[in-house]
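Enquirer: To be precise about what I am sending: the file is called final_34.cif and holds mmCIF, C-alpha atoms.
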data_structure
#
loop_
_atom_site.group_PDB
_atom_site.id
_atom_site.type_symbol
_atom_site.label_atom_id
_atom_site.label_comp_id
_atom_site.auth_asym_id
_atom_site.auth_seq_id
_atom_site.Cartn_x
_atom_site.Cartn_y
_atom_site.Cartn_z
ATOM 1 C CA MET A 167 9.129 -34.318 78.859
ATOM 2 C CA LYS A 168 7.618 -33.129 75.598
ATOM 3 C CA LYS A 169 8.034 -35.955 73.111
ATOM 4 C CA LEU A 170 8.795 -35.177 69.504
ATOM 5 C CA ASP A 171 6.052 -37.459 68.253
ATOM 6 C CA GLN A 172 3.538 -35.416 70.230
ATOM 7 C CA ILE A 173 4.260 -32.417 68.026
ATOM 8 C CA GLU A 174 2.420 -32.205 64.726
ATOM 9 C CA LYS A 175 4.720 -32.244 61.716
ATOM 10 C CA LYS A 176 4.096 -29.004 59.875
ATOM 11 C CA GLN A 177 5.752 -27.067 57.105
ATOM 12 C CA ILE A 178 6.281 -23.600 58.514
ATOM 13 C CA PHE A 179 8.317 -22.274 55.598
ATOM 14 C CA THR A 180 6.575 -20.738 52.596
ATOM 15 C CA VAL A 181 7.687 -19.456 49.210
ATOM 16 C CA PRO A 182 6.608 -16.473 47.111
ATOM 17 C CA ASP A 183 3.685 -17.141 44.761
ATOM 18 C CA GLY A 184 4.723 -18.849 41.547
ATOM 19 C CA TYR A 185 8.250 -19.485 42.768
ATOM 20 C CA PHE A 186 8.486 -23.065 41.527
ATOM 21 C CA ASP A 187 7.010 -22.060 38.160
ATOM 22 C CA GLN A 188 9.777 -19.565 37.507
ATOM 23 C CA LEU A 189 12.677 -21.442 39.121
ATOM 24 C CA PRO A 190 13.376 -23.765 36.138
ATOM 25 C CA LEU A 191 13.483 -20.740 33.832
ATOM 26 C CA ALA A 192 15.884 -18.906 36.135
ATOM 27 C CA ILE A 193 18.167 -21.924 36.275
ATOM 28 C CA GLN A 194 18.041 -22.429 32.496
ATOM 29 C CA GLU A 195 19.003 -18.794 32.014
ATOM 30 C CA ARG A 196 22.009 -19.105 34.319
ATOM 31 C CA VAL A 197 23.106 -22.297 32.599
ATOM 32 C CA SER A 198 22.893 -20.529 29.231
ATOM 33 C CA GLN A 199 24.895 -17.553 30.555
ATOM 34 C CA LYS A 200 27.655 -19.793 31.876
ATOM 35 C CA ARG A 201 27.926 -21.502 28.483
ATOM 36 C CA SER A 202 28.703 -18.186 26.832
ATOM 37 C CA ILE A 203 32.282 -17.668 28.040
ATOM 38 C CA SER A 204 33.836 -15.880 25.100
ATOM 39 C CA TRP A 205 33.670 -12.171 25.261
ATOM 40 C CA PHE A 206 33.145 -9.888 22.297
ATOM 41 C CA GLY A 207 33.264 -13.106 20.207
ATOM 42 C CA VAL A 208 36.956 -13.633 20.896
ATOM 43 C CA PRO A 209 37.813 -17.068 22.299
ATOM 44 C CA MET A 210 39.515 -16.920 25.700
ATOM 45 C CA LEU A 211 42.722 -18.588 24.600
ATOM 46 C CA ARG A 212 43.380 -15.863 22.025
ATOM 47 C CA LEU A 213 42.889 -13.210 24.694
ATOM 48 C CA ALA A 214 45.363 -14.872 27.029
ATOM 49 C CA LEU A 215 48.312 -14.071 24.780
ATOM 50 C CA PRO A 216 48.066 -10.271 24.646
ATOM 51 C CA VAL A 217 47.108 -10.048 28.319
ATOM 52 C CA VAL A 218 50.189 -12.040 29.252
ATOM 53 C CA ALA A 219 52.198 -9.735 26.999
ATOM 54 C CA LEU A 220 50.820 -6.706 28.838
ATOM 55 C CA LEU A 221 51.621 -8.188 32.235
ATOM 56 C CA VAL A 222 55.151 -9.140 31.224
ATOM 57 C CA VAL A 223 55.844 -5.687 29.804
ATOM 58 C CA GLY A 224 54.371 -4.153 32.926
ATOM 59 C CA ILE A 225 56.662 -6.201 35.128
ATOM 60 C CA VAL A 226 59.733 -5.238 33.074
ATOM 61 C CA TRP A 227 58.892 -1.507 32.889
ATOM 62 C CA PHE A 228 57.615 -0.870 36.377
ATOM 63 C CA LYS A 229 59.853 -3.099 38.447
ATOM 64 C CA PRO A 230 61.706 -0.630 40.785
ATOM 65 C CA PHE A 231 64.936 -2.578 41.061
ATOM 66 C CA SER A 232 66.768 -4.541 38.461
ATOM 67 C CA SER A 233 66.039 -8.196 38.685
ATOM 68 C CA SER A 234 68.241 -11.085 37.879
ATOM 69 C CA LEU A 235 65.181 -13.061 36.759
ATOM 70 C CA SER A 236 64.542 -13.600 33.055
ATOM 71 C CA ILE A 237 61.173 -12.850 31.493
ATOM 72 C CA GLU A 238 60.483 -16.580 31.416
ATOM 73 C CA GLU A 239 61.141 -16.830 35.140
ATOM 74 C CA GLU A 240 58.982 -13.792 35.835
ATOM 75 C CA LEU A 241 56.191 -15.252 33.741
ATOM 76 C CA SER A 242 56.350 -18.595 35.490
ATOM 77 C CA MET A 243 55.679 -16.798 38.788
ATOM 78 C CA LEU A 244 52.367 -15.397 37.548
ATOM 79 C CA ASN A 245 49.263 -16.882 39.116
ATOM 80 C CA GLU A 246 46.868 -18.397 36.547
ATOM 81 C CA SER A 247 43.798 -17.471 38.535
ATOM 82 C CA ASP A 248 44.941 -13.830 38.488
ATOM 83 C CA LEU A 249 45.302 -14.025 34.710
ATOM 84 C CA ILE A 250 41.836 -15.472 34.333
ATOM 85 C CA ALA A 251 40.342 -12.891 36.692
ATOM 86 C CA TYR A 252 42.091 -10.154 34.687
ATOM 87 C CA LEU A 253 40.635 -11.567 31.461
ATOM 88 C CA ASN A 254 37.166 -11.363 32.891
ATOM 89 C CA GLU A 255 37.572 -7.736 33.984
ATOM 90 C CA SER A 256 39.640 -6.201 31.202
ATOM 91 C CA ASP A 257 37.975 -4.426 28.304
ATOM 92 C CA LEU A 258 41.069 -4.129 26.080
ATOM 93 C CA THR A 259 40.994 -5.821 22.722
ATOM 94 C CA SER A 260 43.769 -8.128 21.556
ATOM 95 C CA ASP A 261 44.572 -5.874 18.586
ATOM 96 C CA GLU A 262 44.963 -2.821 20.817
ATOM 97 C CA LEU A 263 47.413 -4.632 23.064
ATOM 98 C CA ILE A 264 49.513 -6.126 20.269
ATOM 99 C CA ASN A 265 49.686 -2.793 18.395
ATOM 100 C CA THR A 266 50.525 -0.811 21.541
ATOM 101 C CA PHE A 267 53.482 -2.937 22.539
ATOM 102 C CA ASN A 268 54.839 -3.634 19.053
ATOM 103 C CA LEU A 269 55.560 -7.285 19.622
ATOM 104 C CA SER A 270 57.348 -9.141 16.894
ATOM 105 C CA SER A 271 55.905 -12.386 15.603
ATOM 106 C CA GLU A 272 58.729 -14.281 17.329
ATOM 107 C CA GLU A 273 57.897 -12.605 20.653
ATOM 108 C CA VAL A 274 54.233 -13.418 20.129
ATOM 109 C CA ASN A 275 55.058 -17.065 19.459
ATOM 110 C CA ASN A 276 57.312 -17.284 22.530
ATOM 111 C CA LEU A 277 54.649 -15.768 24.773
ATOM 112 C CA GLU A 278 51.989 -18.058 23.371
ATOM 113 C CA GLN A 279 54.216 -21.020 24.214
ATOM 114 C CA GLU A 280 54.696 -19.730 27.764
ATOM 115 C CA VAL A 281 50.960 -19.335 28.249
ATOM 116 C CA PHE A 282 50.209 -22.867 27.143
ATOM 117 C CA GLN A 283 52.997 -24.311 29.280
ATOM 118 C CA SER A 284 51.884 -22.414 32.377
ATOM 119 C CA LEU A 285 48.280 -23.511 31.795
ATOM 120 C CA GLN A 286 49.256 -27.138 31.303
ATOM 121 C CA SER A 287 51.143 -27.113 34.580
ATOM 122 C CA SER A 288 47.939 -26.216 36.395
ATOM 123 C CA GLU A 289 45.740 -29.236 36.819
ATOM 124 C CA GLY A 290 42.539 -29.072 34.874
ATOM 125 C CA ILE A 291 42.650 -25.407 33.866
ATOM 126 C CA LEU A 292 43.638 -26.069 30.238
ATOM 127 C CA GLU A 293 41.032 -28.817 29.900
ATOM 128 C CA SER A 294 38.461 -26.596 31.502
ATOM 129 C CA LEU A 295 39.232 -23.745 29.096
ATOM 130 C CA ILE A 296 39.095 -26.105 26.119
ATOM 131 C CA ASP A 297 35.773 -27.518 27.330
ATOM 132 C CA GLU A 298 34.338 -24.026 27.731
ATOM 133 C CA TYR A 299 35.664 -23.034 24.294
ATOM 134 C CA THR A 300 34.074 -26.126 22.748
ATOM 135 C CA ILE A 301 30.763 -25.455 24.512
ATOM 136 C CA GLU A 302 30.792 -21.849 23.314
ATOM 137 C CA THR A 303 30.982 -22.936 19.695
ATOM 138 C CA GLU A 304 28.130 -25.419 19.925
ATOM 139 C CA ASN A 305 24.690 -24.508 18.654
ATOM 140 C CA PHE A 306 21.850 -24.626 21.201
ATOM 141 C CA MET B 113 10.134 -48.545 39.500
ATOM 142 C CA ALA B 114 8.262 -45.634 37.974
ATOM 143 C CA ASP B 115 10.887 -43.229 39.327
ATOM 144 C CA LEU B 116 13.683 -45.342 37.855
ATOM 145 C CA LEU B 117 12.072 -45.348 34.407
ATOM 146 C CA GLU B 118 11.494 -41.619 34.602
ATOM 147 C CA ASP B 119 15.108 -41.071 35.622
ATOM 148 C CA GLN B 120 16.330 -43.200 32.728
ATOM 149 C CA GLU B 121 14.148 -41.216 30.349
ATOM 150 C CA LEU B 122 15.474 -37.955 31.752
ATOM 151 C CA LEU B 123 19.068 -39.082 31.401
ATOM 152 C CA LEU B 124 18.502 -40.216 27.806
ATOM 153 C CA LYS B 125 17.027 -36.864 26.895
ATOM 154 C CA ILE B 126 19.814 -34.939 28.630
ATOM 155 C CA ARG B 127 22.559 -36.990 26.982
ATOM 156 C CA ASN B 128 21.069 -36.371 23.549
ATOM 157 C CA PRO B 129 22.392 -32.966 22.402
ATOM 158 C CA GLU B 130 19.143 -32.228 20.579
ATOM 159 C CA THR B 131 16.990 -32.698 23.661
ATOM 160 C CA ARG B 132 19.499 -31.739 26.340
ATOM 161 C CA ASN B 133 17.836 -28.495 27.378
ATOM 162 C CA TYR B 134 14.390 -30.044 27.402
ATOM 163 C CA GLY B 135 15.604 -33.026 29.427
ATOM 164 C CA PHE B 136 17.422 -30.832 31.932
ATOM 165 C CA ASN B 137 14.338 -28.657 32.315
ATOM 166 C CA MET B 138 12.330 -31.794 33.107
ATOM 167 C CA LEU B 139 14.952 -32.873 35.632
ATOM 168 C CA VAL B 140 14.763 -29.519 37.392
ATOM 169 C CA ARG B 141 10.967 -29.683 37.524
ATOM 170 C CA ALA B 142 11.136 -33.224 38.895
ATOM 171 C CA TYR B 143 13.568 -32.457 41.707
ATOM 172 C CA GLN B 144 13.388 -28.717 42.404
ATOM 173 C CA GLN B 145 11.015 -28.907 45.349
ATOM 174 C CA ARG B 146 12.835 -31.685 47.145
ATOM 175 C CA VAL B 147 16.147 -29.919 46.727
ATOM 176 C CA TYR B 148 14.740 -26.530 47.688
ATOM 177 C CA TRP B 149 13.024 -27.720 50.863
ATOM 178 C CA LEU B 150 16.069 -29.681 51.976
ATOM 179 C CA ILE B 151 18.153 -26.534 51.638
ATOM 180 C CA ARG B 152 15.528 -24.179 53.000
ATOM 181 C CA LYS B 153 15.251 -26.135 56.231
ATOM 182 C CA MET B 154 18.988 -25.768 56.672
ATOM 183 C CA VAL B 155 19.479 -22.115 55.783
ATOM 184 C CA ILE B 156 16.035 -20.850 56.834
ATOM 185 C CA ASP B 157 16.083 -17.767 54.586
ATOM 186 C CA HIS B 158 14.266 -18.054 51.234
ATOM 187 C CA ASP B 159 16.720 -15.894 49.267
ATOM 188 C CA ASP B 160 19.685 -17.949 50.477
ATOM 189 C CA ALA B 161 17.827 -21.170 49.725
ATOM 190 C CA ASN B 162 16.959 -19.876 46.254
ATOM 191 C CA ASP B 163 20.598 -19.046 45.476
ATOM 192 C CA LEU B 164 21.852 -22.377 46.736
ATOM 193 C CA THR B 165 19.165 -24.346 44.904
ATOM 194 C CA GLN B 166 20.136 -22.701 41.643
ATOM 195 C CA GLU B 167 23.820 -23.406 42.302
ATOM 196 C CA VAL B 168 22.986 -27.046 42.933
ATOM 197 C CA PHE B 169 21.222 -27.468 39.608
ATOM 198 C CA ILE B 170 23.986 -25.656 37.750
ATOM 199 C CA LYS B 171 26.422 -28.151 39.250
ATOM 200 C CA VAL B 172 24.076 -30.974 38.288
ATOM 201 C CA TYR B 173 24.043 -29.659 34.718
ATOM 202 C CA LYS B 174 27.839 -29.514 34.566
ATOM 203 C CA ALA B 175 28.346 -32.956 36.095
ATOM 204 C CA ILE B 176 25.411 -34.933 34.658
ATOM 205 C CA ASP B 177 27.503 -36.381 31.822
ATOM 206 C CA ASN B 178 29.790 -37.905 34.449
ATOM 207 C CA PHE B 179 26.923 -39.447 36.434
ATOM 208 C CA ARG B 180 27.789 -43.130 36.473
ATOM 209 C CA GLU B 181 24.354 -44.411 37.551
ATOM 210 C CA ASP B 182 25.913 -46.442 40.358
ATOM 211 C CA SER B 183 23.469 -44.633 42.649
ATOM 212 C CA GLN B 184 19.958 -43.349 42.181
ATOM 213 C CA LEU B 185 19.691 -40.004 40.395
ATOM 214 C CA PHE B 186 17.899 -38.491 43.353
ATOM 215 C CA THR B 187 20.578 -39.520 45.897
ATOM 216 C CA TRP B 188 23.258 -38.159 43.560
ATOM 217 C CA ILE B 189 21.452 -34.815 43.282
ATOM 218 C CA TYR B 190 20.815 -34.798 47.015
ATOM 219 C CA ARG B 191 24.504 -35.375 47.670
ATOM 220 C CA ILE B 192 25.343 -32.288 45.633
ATOM 221 C CA ALA B 193 22.658 -30.343 47.508
ATOM 222 C CA THR B 194 23.839 -31.430 50.959
ATOM 223 C CA ASN B 195 27.463 -30.652 50.125
ATOM 224 C CA GLU B 196 26.477 -27.217 48.828
ATOM 225 C CA CYS B 197 24.480 -26.553 51.968
ATOM 226 C CA LEU B 198 27.141 -27.685 54.414
ATOM 227 C CA SER B 199 29.802 -25.801 52.491
ATOM 228 C CA TYR B 200 27.715 -22.606 52.616
ATOM 229 C CA LEU B 201 27.120 -22.935 56.366
ATOM 230 C CA SER B 202 30.765 -23.737 56.996
ATOM 231 C CA LYS B 203 31.904 -20.615 55.108
ATOM 232 C CA LYS B 204 29.336 -18.573 56.995
ATOM 233 C CA ARG B 205 30.706 -19.810 60.313
ATOM 234 C CA LYS B 206 34.229 -18.844 59.326
ATOM 235 C CA ARG B 207 33.061 -15.307 58.590
ATOM 236 C CA PHE B 208 31.780 -14.752 62.103
ATOM 237 C CA PHE B 209 34.839 -13.436 63.899
ATOM 238 C CA LEU B 210 33.044 -12.014 66.934
ATOM 239 C CA PRO B 211 32.734 -14.539 69.771
ATOM 240 C CA LEU B 212 29.281 -13.297 70.748
ATOM 241 C CA GLU B 213 27.768 -13.809 67.320
ATOM 242 C CA ASP B 214 27.187 -17.132 65.701
ATOM 243 C CA VAL B 215 25.441 -18.546 62.698
ATOM 244 C CA GLY B 216 22.864 -20.327 64.858
ATOM 245 C CA LYS B 217 21.704 -17.034 66.330
ATOM 246 C CA GLU B 218 21.496 -15.450 62.900
ATOM 247 C CA LEU B 219 19.400 -18.329 61.574
ATOM 248 C CA ALA B 220 17.201 -18.231 64.673
ATOM 249 C CA GLY B 221 16.684 -14.523 64.088
ATOM 250 C CA LYS B 222 15.436 -15.247 60.574
ATOM 251 C CA LEU B 223 12.753 -17.533 62.050
ATOM 252 C CA ASP B 224 11.232 -14.545 63.819
ATOM 253 C CA ASN B 225 11.725 -11.920 61.153
ATOM 254 C CA SER B 226 10.794 -13.533 57.872
ATOM 255 C CA SER B 227 7.380 -13.059 56.263
ATOM 256 C CA LEU B 228 7.878 -16.398 54.501
ATOM 257 C CA ILE B 229 7.719 -18.323 57.770
ATOM 258 C CA SER B 230 4.413 -19.107 59.436
ATOM 259 C CA GLY B 231 3.550 -21.577 62.196
ATOM 260 C CA ASP B 232 2.579 -21.524 65.826
ATOM 261 C CA GLU B 233 4.836 -21.191 68.854
ATOM 262 C CA ILE B 234 5.573 -24.876 69.286
ATOM 263 C CA GLN B 235 6.572 -25.222 65.630
ATOM 264 C CA LYS B 236 8.979 -22.280 65.913
ATOM 265 C CA LYS B 237 10.319 -23.678 69.154
ATOM 266 C CA LEU B 238 10.928 -26.988 67.403
ATOM 267 C CA GLN B 239 12.863 -25.170 64.656
ATOM 268 C CA LEU B 240 14.908 -23.349 67.299
ATOM 269 C CA ALA B 241 15.699 -26.685 68.912
ATOM 270 C CA ILE B 242 16.748 -28.129 65.556
ATOM 271 C CA LEU B 243 19.004 -25.113 64.957
ATOM 272 C CA LYS B 244 20.947 -26.019 68.090
ATOM 273 C CA LEU B 245 22.166 -29.211 66.437
ATOM 274 C CA PRO B 246 25.505 -29.336 64.571
ATOM 275 C CA ASP B 247 24.970 -28.856 60.837
ATOM 276 C CA LYS B 248 25.492 -32.479 59.777
ATOM 277 C CA GLN B 249 23.313 -33.807 62.532
ATOM 278 C CA ARG B 250 20.667 -31.228 61.670
ATOM 279 C CA LEU B 251 20.760 -32.411 58.071
ATOM 280 C CA VAL B 252 20.326 -36.043 59.125
ATOM 281 C CA PHE B 253 17.473 -35.098 61.438
ATOM 282 C CA ASN B 254 15.669 -33.108 58.743
ATOM 283 C CA MET B 255 16.010 -35.879 56.166
ATOM 284 C CA LYS B 256 14.682 -38.493 58.544
ATOM 285 C CA TYR B 257 12.065 -36.548 60.470
ATOM 286 C CA PHE B 258 10.555 -34.328 57.771
ATOM 287 C CA GLU B 259 11.146 -36.434 54.651
ATOM 288 C CA ASP B 260 11.085 -39.903 56.211
ATOM 289 C CA MET B 261 14.036 -40.916 54.066
ATOM 290 C CA SER B 262 15.264 -44.456 54.546
ATOM 291 C CA TYR B 263 18.573 -44.845 56.326
ATOM 292 C CA GLU B 264 19.903 -46.626 53.232
ATOM 293 C CA ASP B 265 19.152 -43.617 51.013
ATOM 294 C CA MET B 266 20.600 -41.263 53.620
ATOM 295 C CA SER B 267 23.709 -43.422 53.739
ATOM 296 C CA GLU B 268 24.145 -42.991 49.974
ATOM 297 C CA VAL B 269 23.622 -39.250 50.217
ATOM 298 C CA THR B 270 25.934 -38.610 53.161
ATOM 299 C CA ASN B 271 28.422 -41.442 52.606
ATOM 300 C CA THR B 272 27.896 -42.401 56.251
ATOM 301 C CA SER B 273 27.037 -45.849 57.607
ATOM 302 C CA VAL B 274 23.447 -46.704 58.460
ATOM 303 C CA GLY B 275 24.427 -47.380 62.063
ATOM 304 C CA ALA B 276 26.062 -43.989 62.460
ATOM 305 C CA LEU B 277 23.008 -42.304 60.945
ATOM 306 C CA LYS B 278 20.654 -44.096 63.316
ATOM 307 C CA ALA B 279 22.772 -43.077 66.276
ATOM 308 C CA SER B 280 22.933 -39.492 65.033
ATOM 309 C CA PHE B 281 19.180 -39.276 64.523
ATOM 310 C CA HIS B 282 18.271 -40.719 67.891
ATOM 311 C CA HIS B 283 20.753 -38.474 69.645
ATOM 312 C CA ALA B 284 19.274 -35.501 67.801
ATOM 313 C CA VAL B 285 15.782 -36.441 68.950
ATOM 314 C CA LYS B 286 16.989 -36.634 72.546
ATOM 315 C CA LYS B 287 18.639 -33.221 72.355
ATOM 316 C CA ILE B 288 15.548 -31.660 70.814
ATOM 317 C CA GLU B 289 13.258 -33.114 73.436
ATOM 318 C CA GLU B 290 15.536 -31.842 76.203
ATOM 319 C CA TYR B 291 15.482 -28.378 74.648
ATOM 320 C CA LEU B 292 11.693 -28.364 74.361
ATOM 321 C CA GLU B 293 11.390 -29.476 77.959
ATOM 322 C CA SER B 294 13.658 -26.749 79.296
ATOM 323 C CA ASN B 295 12.262 -23.948 77.117
#
Could I get this structure in the form of structure tokens?

Expert:
Amino acid sequence: MKKLDQIEKKQIFTVPDGYFDQLPLAIQERVSQKRSISWFGVPMLRLALPVVALLVVGIVWFKPFSSSLSIEEELSMLNESDLIAYLNESDLTSDELINTFNLSSEEVNNLEQEVFQSLQSSEGILESLIDEYTIETENF
Amino acid sequence: MADLLEDQELLLKIRNPETRNYGFNMLVRAYQQRVYWLIRKMVIDHDDANDLTQEVFIKVYKAIDNFREDSQLFTWIYRIATNECLSYLSKKRKRFFLPLEDVGKELAGKLDNSSLISGDEIQKKLQLAILKLPDKQRLVFNMKYFEDMSYEDMSEVTNTSVGALKASFHHAVKKIEEYLESN
């Protein structure tokens, strides 16, 4: 039987030339990109409000059958990860959304409250957003 | 001792906001090769290893402030690397729905087709034998055989007892030798 210790230990894998010289730079660049989480200079929390407004209005307008659920109940059924994914993909500005749907200041305040409550109910998401917001405002 | 002092210096620099980037850069340079080669031996393909290595160091960057120094810095980083590796391979296995295909065959295929793999027949055969092992056992084998890590360090990395690691390694050696004999 061929014994393992009879086989010479060799490194058969290779890397492209200069790979380990450029790897730290590539990593540093990715770390810097991840720190920059606000988009068009608008902090994420401020974007959450109008996006939630859009989604709520969309649910009310486009729902095919009348629902016995209140807006608050509808909102509480929204998935936070879907909201966050929508934030990352949407290119609407907060002003455009607020102006389009003519929300009163009371409606804005109520929606803002709903957003914070729904975020707080999800473990770690609010803290994570706050951490990212804090990081974004630091100078590097 | 020298490593410990260097690690303490690195951590001091990273925890100082003014030198954080510099310190982290030094940490990457200190550990990049060990992390990369650990991963590369598991995933075979350079591009996959490159992606995973970068992910590991991004996770290190995010978590370094929570590093409690109750283990060595290198075993902490290695733990992140091994978890990333095993998680990647596990997800890959779940994606293979066809019974005839498996991750082992795909990895074995990369041994033959990559320009970034050299080595004679016996070396490639050894790699094929290693690929037959379950992922965790393969990891243990690689750490012991290629890096000559102590069982105590491996125990910290894998959160597995020294006895279990010794048994796993010796069983892996037996399986590899049987494969080499029959192929």

Enquirer: Taking all atoms listed in the file into account, what are the residues of chain A at most 8 Å from chain B, put as a PyMOL selection string?

Expert: chain A and resi 167-170+173+175-182+186+189-190+192-194+196-197

Enquirer: Evaluated on this file, the PyMOL selection byres ((chain B and resi 246) around 12) picks out some residues - which ones are they, written as a PyMOL selection string?

Expert: chain B and resi 154+198+201-202+205+215-216+241-245+247-253+280-281+283-284+287-288

Enquirer: In Å, how far is it from CA of Asp177 (chain B) to CA of Leu123 (chain B)?

Expert: 8.9 Å

Enquirer: Interatomic distance between CA of Val269 (chain B) and CA of Lys256 (chain B)?

Expert: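 These atoms are spaced 12.2 Å apart.
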
Enquirer: Please measure the separation of CA of Ser183 (chain B) and CA of Ala276 (chain B), giving the value in Å to one decimal.

Expert: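 Atom-to-atom, CA of Ser183 (chain B) to CA of Ala276 (chain B), that is 20.0 Å.
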
Enquirer: To verify the selection step, state as a PyMOL selection string which residues the PyMOL selection byres ((chain B and resi 187) around 10) yields on this input.

Expert: chain B and resi 183-186+188-193+265-270

Enquirer: Find, counting all atoms listed in the file, the residue in B:Met255, B:Ser199, B:Glu233, B:Asp119 that gets nearest to Glu181 (chain B).

Expert: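 Of the candidates, the smallest distance to Glu181 (chain B) is held by B:Asp119.
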